[in-house]
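Working notes for the structure below.
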Amino acid sequence: MIKKRLRAQKICFFLLKVAVAINGAALAIIVYFIVSRGWRAISWEFLSKPPTDSMTMGGILPCIVGTVSLCMTTILFALPIGVASAIYLNEYAGQTKLVRFIRLGINNLAGVPSIVFGLFGLAFFVIVLDMGVSILAGGLTLGIMTLPVIIGASEEALKSVPKPYREASLAMGATQWQTIRKVVLPVAFPGIITGSILGLSRAAGETAPIMYTGAVFFTPDLPSSIFDEVMALPYHIYVLATAGTNIEATRHLQYGTALVLISLIFGMNLFAIIMRAKMRKKLKG
Amino acid sequence: MKRQNIDKTVRSGFLLVALFSIVALSLIIIFLFLEGIPILEHVSLKEFLFGQYWYPTDDPADFGILPLILGSIYVTVISGMIAIPLGVMTAIYLAQIAPATVSQIVKPIVELLASMPSVVIGFFGMVVVAPFIQQLFNIPVGLNMFNASLMLAFMAVPTICSISEDAVFSVPTALKEASLALGATHFETLVRVIVPASLSGICTAIILGLSRAVGETMVVLMAAGGAAMIPTSIFDPVRPLPASIAAEMAEAPFRSEHYHALFAIGIVLFVFTFLFNLLADHISYKFRQVGEASL
Amino acid sequence: MDSPVKMHTKDLNFFYGDFQAIHNVSIDFTQNQVTALIGPSGCGKSTYLRCLNRMNDLIPGIRVTGKAVLDDQDIYDPSLDVVTLRRRVGMVFQKPNPFPKTIFENVAYGLKVNGVKDKAVITRVVEKSLKQAAIWDEVKDRLNESALGLSGGQQQRLCIARALAVDPEVLLMDEPASALDPIATQKIEELIDQLSSKLTIIIVTHNMQQAARVSDRTAFFYMGKLIEVNDTDTLFTKPELKQTEDYITGRFG
Ligand SMILES: Nc1ncnc2c1ncn2[C@@H]1O[C@H](COP(=O)(O)OP(=O)(O)OP(=O)(O)O)[C@@H](O)[C@H]1O
Ligand SMILES: [Mg+2]
């Protein structure tokens, strides 16, 4: 009897391990293919030159510059709004109906499909606000999409600030705003930044929201203002893989671009994961 | 006192900013409807939702999105069948069984999987998985419902896994110990105590994971094959809702019927995910996890 | 002593990583007697108790040396099955920890995992256990309601009933009444008294009077060491060591 029960346990735990292994294998296989087929495309020229010959040769510099400038716009827009929202929710607000309503809004915003953000960006930023297809329109679209992530991360960081810090400051006669500015925010800062990097890394890899708001098929020039349209790494992969002039011949460029994109994103993630692990150690003792 | 007045002002300022998310969500809804509703001047709601033919560029055009809706539902269901067991099992393993060293390695793997850009997964499905399954199953095209569902599953697993893991992890140790002390095996404890106690969290995780799969664009755009037909087999190509929008917006003239139809598809997609999220919110709010007995 | 020893430890040492929480503890637990473990907070009472049903196995990085024996079997023998051990050595925790299930399901749980399928048997054992735990009259009309709706004292007696349902031979109790009011405490104490005719009971308590009231023997721990173990009457009236006397008279530290 007990033998049978223990055997059932063994089998099921084994199945759980198989599930874990499948996840690991999936990641490993994808990374393996991208790296093994992409690294040959990587060269200084690839990173520093624009595409040439109808995008069948040359590099991806405009895409890198485009993705970076979209990300900058995103973070400049979403970080202040996200942090301020989190401060209100965590430091000022109680358990009111309004707060629950705001949270519901944030949760639903987080669930909006990326292509719907793209539609909205097209209808609102590009057309109604007349920004055209531009870094600004694309960056703002990505910014709204990233907002819930940044709010979540900031709230978590604010929550991890021990209560006594606040109480000590308030007890000395500081106002709440002074307490937040001088005591709470400095402690929460690293956590906020870590979370924001994670949010930003998500934005950097998104394609659907920028397809019709910020990114274009091809533009030989680097952007000179935020009203310029740009190329972007994720969109470039899509374009080369589905609509290029010679899809098969540019495979190595596609893999190369994908490699650059995931290096960028994994780099940001690893940085954030390591920073978070360090912070946890520090908080513990 | 002056200082306190400043404090009040600051507080109101923060409230205003915090309302931004609501404003943004409202704007999204308004613009979707503003640009999407005009399609109803050309087709009835019923024809739009249940029409079987999607030929938006023909003359006269057909705007029936049933094949697209079914495409979305099928790929989501199939990807759920893969992602739910994988995600929940991984979560249980991480939260209750794995030694600390193992979970320290596996958790970042799940996070990296979560950060994998959808365009890369779509690309992978297109150039690696498609030829592979084409040969394996001896079928004419590798870009099909099965391929897209498989790729979507790997986008949904991290969401399902990380939210379920939180839920499973937060079941009080006291319950686990109570069960073990009665002579239950570790596995029986999991199945009979820990999983039931965290069920609401696991359900929330599943709903959010599937909601992510419904709305995912690039994967279905690149790996699903793109045929706007009602599929009859798992190896048929499909064209889920997001793929239609992404693929056709470029060729739809500004404020044409086609343009409005694509925004209307956006509304349908939005409603899908909105309902999913409301449901998830409702479950996690209503059935908040039962903790230790309070005295 | 004529009655047999049900369980004993011999030179038991216990380590949390590098920290040794238990030093060379040897105690004999006589069948159908109540043994109380007393001592200041942090002296290792809970740790020692949890060695006896190997509940500490759940904590990573622990190590045990020496012997802990149930009947004639070393419970740390690698070939021994922990699941069966835990069924034979039941445990009641400091904080009541009923499952978020119905009252009936809570008590039936142990039977079900141990493979009892017969509904009639289950119903009978549930009733018997609840009666043994002196809670039957309070819950008999609400067996299908959630156990979380009970008061703290009721929950604790439910947990005792749950432990009794699998028919353990030894019952470990870690401060079972510390979270309860005096009346609920009294009920638990009466219960311990009745149960001791069938079970070997080992109870941790912070309350000296409680130890004196319920136990036949008392063991005094200090800093992970067993200082003195004796008949309860003797230990409380004529302790052999000064340290013990200081503690029980409250002249401690
Ligand atoms: N999981 C653990 N890891 C490391 N050390 C622990 C752990 N649990 C307990 N200890 C340490 O072991 C020692 C004994 O703890 P234990 O809980 O057994 O004491 P106790 O006598 O039951 O105290 P109390 O009366 O407060 O319940 C203490 O010094 C404690 O800090
Ligand atoms: Mg204790």
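Residues are named by chain letter and number: chains run A, B, ... in the order of the structure tokens, numbers start at 1 in each chain, and ligands are numbered from 1 in the order shown.
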
Could you list, as a list in words, every residue within 9 Å of segment 52-57 of chain A, counting only C-alpha atoms and ignoring same-chain residues fewer than 5 positions away? Phe46, Phe218, Pro220, Leu240, Gly244, Thr245, Asn246, Ile247, Ala249, Thr250 and Leu253 of chain A

May I have the selected residues written with all heavy atoms, as a compact mmCIF listing (two decimals), in the first residue's frame?
```
# COMPACT_ATOMS: atom_id res chain seq x y z
N PHE A 46 28.27 45.19 -39.75
CA PHE A 46 26.86 44.89 -39.55
C PHE A 46 26.23 45.83 -38.52
O PHE A 46 25.11 46.31 -38.68
CB PHE A 46 26.73 43.43 -39.08
CG PHE A 46 25.31 42.94 -38.96
CD1 PHE A 46 24.50 42.81 -40.08
CD2 PHE A 46 24.79 42.60 -37.72
CE1 PHE A 46 23.20 42.35 -39.97
CE2 PHE A 46 23.48 42.14 -37.61
CZ PHE A 46 22.70 42.02 -38.74
N PHE A 218 11.92 50.89 -44.37
CA PHE A 218 13.29 51.25 -44.70
C PHE A 218 13.44 52.75 -44.72
O PHE A 218 12.62 53.48 -45.28
CB PHE A 218 13.65 50.70 -46.09
CG PHE A 218 15.02 51.09 -46.54
CD1 PHE A 218 16.16 50.59 -45.87
CD2 PHE A 218 15.20 51.96 -47.60
CE1 PHE A 218 17.42 50.96 -46.28
CE2 PHE A 218 16.48 52.33 -48.01
CZ PHE A 218 17.59 51.83 -47.35
N PRO A 220 17.01 55.24 -45.04
CA PRO A 220 18.48 55.18 -45.03
C PRO A 220 19.10 56.13 -44.00
O PRO A 220 20.20 55.89 -43.54
CB PRO A 220 18.86 55.59 -46.44
CG PRO A 220 17.71 56.39 -46.94
CD PRO A 220 16.49 55.90 -46.23
N LEU A 240 12.26 41.55 -43.02
CA LEU A 240 13.19 40.71 -43.79
C LEU A 240 12.65 39.29 -43.94
O LEU A 240 12.80 38.66 -44.98
CB LEU A 240 14.55 40.64 -43.10
CG LEU A 240 15.44 41.88 -43.18
CD1 LEU A 240 16.78 41.58 -42.54
CD2 LEU A 240 15.63 42.32 -44.63
N GLY A 244 10.91 40.73 -47.50
CA GLY A 244 12.13 41.22 -48.12
C GLY A 244 12.17 40.88 -49.59
O GLY A 244 11.36 40.09 -50.07
N THR A 245 13.12 41.46 -50.29
CA THR A 245 13.20 41.19 -51.73
C THR A 245 13.70 39.78 -51.98
O THR A 245 13.36 39.17 -52.97
CB THR A 245 14.14 42.20 -52.42
OG1 THR A 245 15.19 42.52 -51.51
CG2 THR A 245 13.41 43.44 -52.82
N ASN A 246 14.52 39.28 -51.05
CA ASN A 246 14.99 37.93 -51.23
C ASN A 246 15.10 37.24 -49.88
O ASN A 246 16.12 37.26 -49.22
CB ASN A 246 16.36 37.94 -51.94
CG ASN A 246 16.71 36.56 -52.44
OD1 ASN A 246 16.15 35.56 -51.99
ND2 ASN A 246 17.65 36.49 -53.36
N ILE A 247 13.99 36.63 -49.51
CA ILE A 247 13.87 36.14 -48.14
C ILE A 247 14.93 35.11 -47.80
O ILE A 247 15.58 35.16 -46.77
CB ILE A 247 12.45 35.58 -47.91
CG1 ILE A 247 11.44 36.72 -47.95
CG2 ILE A 247 12.35 34.87 -46.56
CD1 ILE A 247 10.00 36.29 -47.89
N ALA A 249 17.86 34.51 -49.20
CA ALA A 249 19.24 34.99 -49.25
C ALA A 249 19.58 35.86 -48.05
O ALA A 249 20.75 36.03 -47.71
CB ALA A 249 19.49 35.76 -50.54
N THR A 250 18.58 36.44 -47.41
CA THR A 250 18.90 37.32 -46.29
C THR A 250 18.70 36.61 -44.94
O THR A 250 18.68 37.26 -43.91
CB THR A 250 18.03 38.59 -46.32
OG1 THR A 250 16.66 38.20 -46.26
CG2 THR A 250 18.28 39.41 -47.55
N LEU A 253 21.06 37.59 -42.31
CA LEU A 253 20.81 38.93 -41.76
C LEU A 253 19.66 38.86 -40.75
O LEU A 253 19.68 39.53 -39.71
CB LEU A 253 20.43 39.91 -42.87
CG LEU A 253 21.52 40.22 -43.89
CD1 LEU A 253 21.03 41.27 -44.88
CD2 LEU A 253 22.77 40.72 -43.18
```

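Near ligand 2, at distances of 9 Å or less and with only C-alpha atoms and all ligand atoms counted, sit the residues Ser41, Gly42, Cys43, Gly44, Lys45, Ser46, Thr47, Leu49, Gln94, Asp174, Glu175, Val204 and Thr205 of chain C.
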
Run DSSP on the backbone and grab whatever in segment 72-112 of chain A lands in alpha helix (DSSP H); send it over as a VMD selection string. chain A and resid 72 to 87 97 to 111

Selection to disk with C-alpha atoms, as a tab-separated table (two decimals), in the first residue's frame:
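And here's result00.tsv as it stands now:
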```tsv
chain	number	residue	atom	x	y	z
A	72	MET	CA	14.32	56.48	-24.60
A	73	THR	CA	11.04	58.15	-25.45
A	74	THR	CA	9.15	55.32	-23.81
A	75	ILE	CA	11.02	55.53	-20.54
A	76	LEU	CA	11.04	59.34	-20.39
A	77	PHE	CA	7.28	59.23	-20.67
A	78	ALA	CA	6.38	56.15	-18.63
A	79	LEU	CA	8.83	56.38	-15.74
A	80	PRO	CA	7.60	59.67	-14.19
A	81	ILE	CA	3.94	58.80	-14.66
A	82	GLY	CA	4.44	55.24	-13.44
A	83	VAL	CA	6.40	56.21	-10.34
A	84	ALA	CA	3.96	59.00	-9.46
A	85	SER	CA	1.00	56.64	-9.85
A	86	ALA	CA	2.70	54.09	-7.64
A	87	ILE	CA	3.44	56.74	-5.02
A	97	LYS	CA	-13.53	52.65	-4.23
A	98	LEU	CA	-11.54	55.08	-6.36
A	99	VAL	CA	-8.32	53.18	-5.69
A	100	ARG	CA	-9.90	49.88	-6.58
A	101	PHE	CA	-11.17	51.52	-9.77
A	102	ILE	CA	-7.71	52.84	-10.62
A	103	ARG	CA	-6.21	49.41	-10.01
A	104	LEU	CA	-8.83	47.82	-12.20
A	105	GLY	CA	-7.87	50.31	-14.90
A	106	ILE	CA	-4.18	49.47	-14.55
A	107	ASN	CA	-4.87	45.72	-14.63
A	108	ASN	CA	-6.94	46.07	-17.75
A	109	LEU	CA	-4.40	48.31	-19.40
A	110	ALA	CA	-1.85	45.58	-18.72
A	111	GLY	CA	-4.08	43.11	-20.51
```

Would you pick out the contacts of Thr185 of chain C at 12 Å or less, using only C-alpha atoms, so that residues sharing its chain but fewer than 6 positions from it are not included, and give the list as a list of chain:residue names?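 Here the answer would be C:Gly152, C:Gly153, C:Gln154, C:Gln156, C:Arg157, C:Glu175, C:Pro176, C:Ala177, C:Ser178, C:Ala179, C:Leu191, C:Ile192, C:Thr205, C:Asn207, C:Gln209, C:Gln210, C:Arg213, C:Val214.
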
Site check for ligand 1: residues at most 12 Å away, only C-alpha atoms and all ligand atoms, as JSON, numbers by chain: {"C": [14, 15, 16, 17, 18, 19, 20, 21, 22, 23, 37, 38, 39, 40, 41, 42, 43, 44, 45, 46, 47, 48, 49, 50, 51, 55, 56, 57, 58, 59, 60, 61, 62, 63, 93, 94, 95, 173, 174, 175, 176, 178, 203, 204, 205, 206, 207, 220, 221, 222, 223, 224, 225, 226]}

I need the residues in segment 27-243 of chain C that are strand (DSSP E) according to DSSP; give them as a PyMOL selection string. chain C and resi 27-30+34-38+62-70+73-74+89-92+170-174+200-204+217-222+225-231
